[in-house]
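Working notes for the structure below.
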Amino acid sequence: MTVRRLLNFFRRRKLQSELDAQLEHHLALLEQEHRQHGLSIDEARLAARRDFGGIVRTKETCWEQVGIRLADTLWQDICFAIRSFIRTPRVTAAVVLTLMAGIGVNVAMFSVINTVLITPLPYRDPDRLVWITESSKVINSERVLITDIVDWQAHARSFDTIAAFSPEDATLTADGESVRIRIAWTSTNLNGIFGVSPAVGRDFLPEELIPGGRGVLLLSDHFFRARFRGDSAILGKTVFIANRPYTVVGVLPPSFRLPLSGRTGIQSEPEAILNSPLDVSERFVSLVLGRLKPNVDLNASRVELEAISRASKKGNIAHTDRELHVVSLHESIIAGSRLQLFFLWAAVGFVLLIACANVTNLLLARSAARSREMAIRTALGAGRVRIIRQLLTESVLLSFAGASGGLLVGWFGIHLLIQQTAVQIPRLKDAVLDADVLLFSLMVCTFTGIVSGMTPALRSSRISTNDTLRNEAKTASMGQRGLGLNAALVVCEIALALMLVMSAALMLKSLWLMNSAAAQFSLDHVLSSRLELHNPTLGRYGEKRQFLQSFLSQVESVSGVSAAATSIYAAGGGMELVGMPTAGVPEDVRTELVYVTPRYFETTGMHLMAGRLINDQDDERAPRVVLVNEAFVRYNGLSDNTSIIGRELRAAGARDRAVTDQHRSIVIGVVSDFRTRPDADVGPQTFFSLWQNPITTSTRLYVRTLGAPLSIANAISKIVNRTPQVNLVAIQTLEDEMSGAVAPRHFQAQLLGVLAALAILLAAIGTHGVLSYAVTKRTREIGIRVALGACTGDVVRLILSGAAKLVVCGLVLGVAGSVMIARLISGLLYGVEPTDPWIYATVLCVLIAVAFAAAYLPARRALRIHPVDALRFE
Amino acid sequence: MSTKAVLQGTLDLMVLRTLESMGPQHGFGLAKRIQQVSGGMLDLNQGTLYPALMRLEERDWIKSSWGVSDNNRRAKFYELTARGRRQIAQETANWDRITAMMERFLRRAER
């Protein structure tokens, strides 16, 4: 039907001429008939017309039947709207620009949300991919025992494939040049787990996935293009990863994405995927992915895996406390970004609402100015529906113009977002302006067109023709009353803007607190890097210890180095003090375990608060010792640092088992809190002597320097290059390391700041617009007041008191809304109370100042009103 | 009977029925015939016939083609389609039902 009507519109000329011919024929026959009854030519023509009825009306009714009339008037409305826009360029520009800003930010944000949260992962049957992990009550970490994976692969029937992945940062050397890249070791081929084949070259072969197979790797498309200029000559060549040879066998498809969290918790795409057959001697792997068989649900697969582990691990201590999780891969990838993204989405939604309110206000003012035009139209016979339709056409056209501009803004915004390297939102780089985004912006712009156009249209159509034409609308005494709706909109705008500014301020304060927390330690003089001890010739830890000791003393001998230390961070677990009253103490305090060399505290800048530090005598022959931080003391409900010294500390999980010496340590001292992550509070930490614990291959090296740290970095690199057993990875100052962790929040706060500024600007424009409109409407009233002796102060008070009412209402609503929002986003805040009084006070002052400025201009204009001109005004 | 009293559906049915009994007709012929059959009781503006024709054609109940009328003029002739025939049967049944029902109401009111 609709299609046919649309076609009718295009062949309307033909239809019209056909109808004309028919009517003419009919009239001619009628006329002829009357002539036969003896009437004269003129009389017959008149009689024929009388019999037939109104010709024009007949035609119009005909067009309505076939739907031409609707399309015709729509076309008329569009032409008329465009002409009227050209006549009022300033209002039109204001509306379009406001909409551009409002729609633009929404388009950009929707594109991100769509890409990150909604679009499925680029694998075959992505719904069947799951992330498998084990967490523990004792050890606060998420990793999986390799023996478990082997058992699962052998017995699990819920899965097609189970694969181990270990993301890592490594150095790739090709043609004598080295670059730092993120790599991922995997125990399976790509097709098996992801259902994806390399774009160039081949997948891993079965013989490369068993122990002893030669090293092969796949490059990411991006890295292949950036580093090897897309030249497939690299296929079959050998490159070195951490000084071991690997053959490049293929390149991943451009669309392939695998966002993996590295050791630092930072998600990024691997530049290369390497084969790594499962090696049971390594015990743990950090990431396990599985491909479920069709129609197997998550819970069933978890139950099966648990049963398999339990059957094969009876009585194994390392296993009893572990808890298995099976999560959809998509879910696990986006979980960390969801709150952040929804929060930003809400923020841009607010901006759009403010923009809508603004446009409504502008259109209301515009329609008020056109009330005479509407009255004349009504007098000439335009129906109410007809007028509403015309005004809605105008507002929808405006929002289409705004949306086209908004798409431009959005496109620009997406590019800005993608270029932000600091943002760690997975798959963000894939955000594009695609059909979904276009559809979304079409919806948004129709929504804004109707929302912002409906009220002005309804109001115009209700104008009393008589009063308007007689010029007797009661403008002189109308006062504030006629502004009810405009006023309500301004109140909403101010409230929304306040909420946005408030959340931005809370975020900014979080950021500031983080930065100042990091600045407490002189971190700019501490170098930090990973130190890998990978040479297999290093035997048991007696040898390792001697090697480390001599390596550290070599580093300390470099001029400009004041201290050096290594540490091993062993995740966390429950630690309990023996013989302490447990009342009021959290049952299972998760504690970070750090194994350190003696000069660790001096190097990082931690202060000794009580007791003594670890020294070289605390080795495997001496009793096991431990230092705790102040947070640990606090968490255990102790107020005095010294009261903890000499007490015995043991692993919480060891309570019910045979307590070996391994699990027992004596507290010898308390050190000050040291922030390892700037965006998290310092939790309880315990520091054990590295000389009393196994030394694993991956440690961290800290070096405190006297002068510029990076110049010393070169000297240290030289020592490392002379020492074949070690490899240094990612050397940087602790300060840089910290700021890397703050960067995403920095970006988020910036983005929010921009949105808040936009909101304030729009709200100010809205307030200003409504108040100037009020002044225009009340010109006569003000004129009379001045004529009757009102002085400057009275006039200004009149206008400002009107503004003050709106602003106060808006602020009260806004504060109420802010308190609610702040509670919702408290998870994104750091160190700031959701109801920080200083922030509230500051933000309120800023908004009041802006509102005052917006009200001041119209007030000044009111002052310039001359009574004589004013009374002549209408 | 005034024009207003002619329900839209009524005129449609009259047109369809007339076309059924007389075969293809142009607008003037139809108007004449309807007036004739109604025995002068139906005094409608002949123009109102055209929107009805457009509506019926739009619904595929009738179709039109150009031809030459008795007085050698080009005229558009309308004829029934198969769907139109079905529509007549359906509408007639409707009418019978309504008139039978109204009959009962009116007779009862008389008593």
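So you can find residues: chains in the structure tokens are A, B, ... in the order shown, residues in each start at 1, and ligands are numbered from 1 in order.
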
Residue list (helix (DSSP H, G or I), DSSP) for stretch 162-306 of chain A, as number ranges by chain: A: 190-194, 206-209, 221-228, 232-234, 280-282, 298-306

May I have the residues from that selection written out with C-alpha atoms, as a PDB file, in the first residue's frame?
ATOM      1  CA  LEU A 190      44.019 -20.873  16.117  1.00  0.00           C
ATOM      2  CA  ASN A 191      41.453 -22.765  14.129  1.00  0.00           C
ATOM      3  CA  GLY A 192      40.854 -25.178  16.987  1.00  0.00           C
ATOM      4  CA  ILE A 193      39.963 -22.554  19.524  1.00  0.00           C
ATOM      5  CA  PHE A 194      38.841 -19.467  17.581  1.00  0.00           C
ATOM      6  CA  PRO A 206      50.092 -30.595  15.317  1.00  0.00           C
ATOM      7  CA  GLU A 207      53.794 -31.477  15.578  1.00  0.00           C
ATOM      8  CA  GLU A 208      54.539 -27.906  16.677  1.00  0.00           C
ATOM      9  CA  LEU A 209      52.149 -28.250  19.594  1.00  0.00           C
ATOM     10  CA  ASP A 221      48.029  -7.941  10.880  1.00  0.00           C
ATOM     11  CA  HIS A 222      48.784  -4.547  12.382  1.00  0.00           C
ATOM     12  CA  PHE A 223      52.287  -5.490  13.480  1.00  0.00           C
ATOM     13  CA  PHE A 224      52.951  -7.241  10.166  1.00  0.00           C
ATOM     14  CA  ARG A 225      52.161  -4.011   8.334  1.00  0.00           C
ATOM     15  CA  ALA A 226      53.860  -1.658  10.768  1.00  0.00           C
ATOM     16  CA  ARG A 227      57.090  -3.589  11.318  1.00  0.00           C
ATOM     17  CA  PHE A 228      57.491  -5.600   8.122  1.00  0.00           C
ATOM     18  CA  SER A 232      55.161 -11.511   3.030  1.00  0.00           C
ATOM     19  CA  ALA A 233      58.873 -12.228   2.468  1.00  0.00           C
ATOM     20  CA  ILE A 234      59.025 -12.466   6.262  1.00  0.00           C
ATOM     21  CA  VAL A 280      53.646 -29.518  33.430  1.00  0.00           C
ATOM     22  CA  SER A 281      56.792 -28.369  35.212  1.00  0.00           C
ATOM     23  CA  GLU A 282      55.676 -24.748  34.959  1.00  0.00           C
ATOM     24  CA  LEU A 298      28.316 -22.662  31.349  1.00  0.00           C
ATOM     25  CA  ASN A 299      27.232 -24.206  34.600  1.00  0.00           C
ATOM     26  CA  ALA A 300      27.188 -27.761  33.295  1.00  0.00           C
ATOM     27  CA  SER A 301      30.689 -27.365  31.883  1.00  0.00           C
ATOM     28  CA  ARG A 302      31.941 -25.973  35.190  1.00  0.00           C
ATOM     29  CA  VAL A 303      30.483 -28.888  37.114  1.00  0.00           C
ATOM     30  CA  GLU A 304      32.160 -31.329  34.760  1.00  0.00           C
ATOM     31  CA  LEU A 305      35.576 -29.669  34.983  1.00  0.00           C
ATOM     32  CA  GLU A 306      35.313 -29.561  38.765  1.00  0.00           C
TER      33      GLU A 306
END

Tell me, counting only C-alpha atoms, for each residue of chain B within 8 Å of chain A, which pair of atoms is nearest and how far apart they are in Å to one decimal, in rows ordered by chain and increasing number, as a Markdown table.
| residue | atom | partner | partner_atom | distance |
| --- | --- | --- | --- | --- |
| B:Gly27 | CA | A:His26 | CA | 6.7 |
| B:Phe28 | CA | A:His26 | CA | 5.3 |
| B:Asn45 | CA | A:Phe52 | CA | 5.0 |
| B:Gln46 | CA | A:Phe52 | CA | 4.5 |
| B:Gly47 | CA | A:Phe52 | CA | 4.9 |
| B:Thr48 | CA | A:Thr58 | CA | 6.4 |
| B:Tyr50 | CA | A:Cys62 | CA | 6.7 |
| B:Pro51 | CA | A:Cys62 | CA | 4.3 |
| B:Ala52 | CA | A:Cys62 | CA | 7.9 |
| B:Met54 | CA | A:Cys62 | CA | 6.4 |
| B:Arg55 | CA | A:Gln65 | CA | 5.5 |
| B:Glu58 | CA | A:Val66 | CA | 6.8 |
| B:Arg73 | CA | A:His25 | CA | 7.7 |
| B:Arg74 | CA | A:His25 | CA | 7.9 |
| B:Ala75 | CA | A:Gln22 | CA | 6.4 |
| B:Lys76 | CA | A:Gln22 | CA | 6.6 |

Selected residues, C-alpha atoms, written as a PDB file, in the first residue's frame, please.
ATOM      1  CA  GLY B  27     -18.237   7.647 -14.656  1.00  0.00           C
ATOM      2  CA  PHE B  28     -21.169   9.421 -16.250  1.00  0.00           C
ATOM      3  CA  ASN B  45     -23.496  15.351  -6.297  1.00  0.00           C
ATOM      4  CA  GLN B  46     -22.174  13.317  -9.165  1.00  0.00           C
ATOM      5  CA  GLY B  47     -18.634  14.453  -8.263  1.00  0.00           C
ATOM      6  CA  THR B  48     -18.641  12.297  -5.145  1.00  0.00           C
ATOM      7  CA  TYR B  50     -14.929   9.903  -8.444  1.00  0.00           C
ATOM      8  CA  PRO B  51     -13.261   9.624  -5.027  1.00  0.00           C
ATOM      9  CA  ALA B  52     -15.222   6.371  -4.606  1.00  0.00           C
ATOM     10  CA  MET B  54     -10.337   5.994  -7.039  1.00  0.00           C
ATOM     11  CA  ARG B  55     -10.732   4.297  -3.694  1.00  0.00           C
ATOM     12  CA  GLU B  58      -6.791   1.564  -5.157  1.00  0.00           C
ATOM     13  CA  ARG B  73     -15.227  10.686 -26.866  1.00  0.00           C
ATOM     14  CA  ARG B  74     -12.274   9.212 -25.031  1.00  0.00           C
ATOM     15  CA  ALA B  75     -13.528   7.965 -21.663  1.00  0.00           C
ATOM     16  CA  LYS B  76     -12.248   5.848 -18.835  1.00  0.00           C
TER      17      LYS B  76
END

Distance query A:Leu397 at most 9 Å, only C-alpha atoms, self and fewer than 6 positions along chain excluded, as a count of residues only: 4

Point-to-point distance from atom CA of B:Gln87 to atom CA of B:Met14, Å rounded to tenths: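 About the pair atom CA of B:Gln87 and atom CA of B:Met14: they are 11.9 Å apart.
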
Point-to-point distance from atom CA of A:Pro598 to atom CA of A:Ser689, Å rounded to tenths: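 Taking atom CA of A:Pro598 as the start and atom CA of A:Ser689 as the end point, the length is 7.2 Å.
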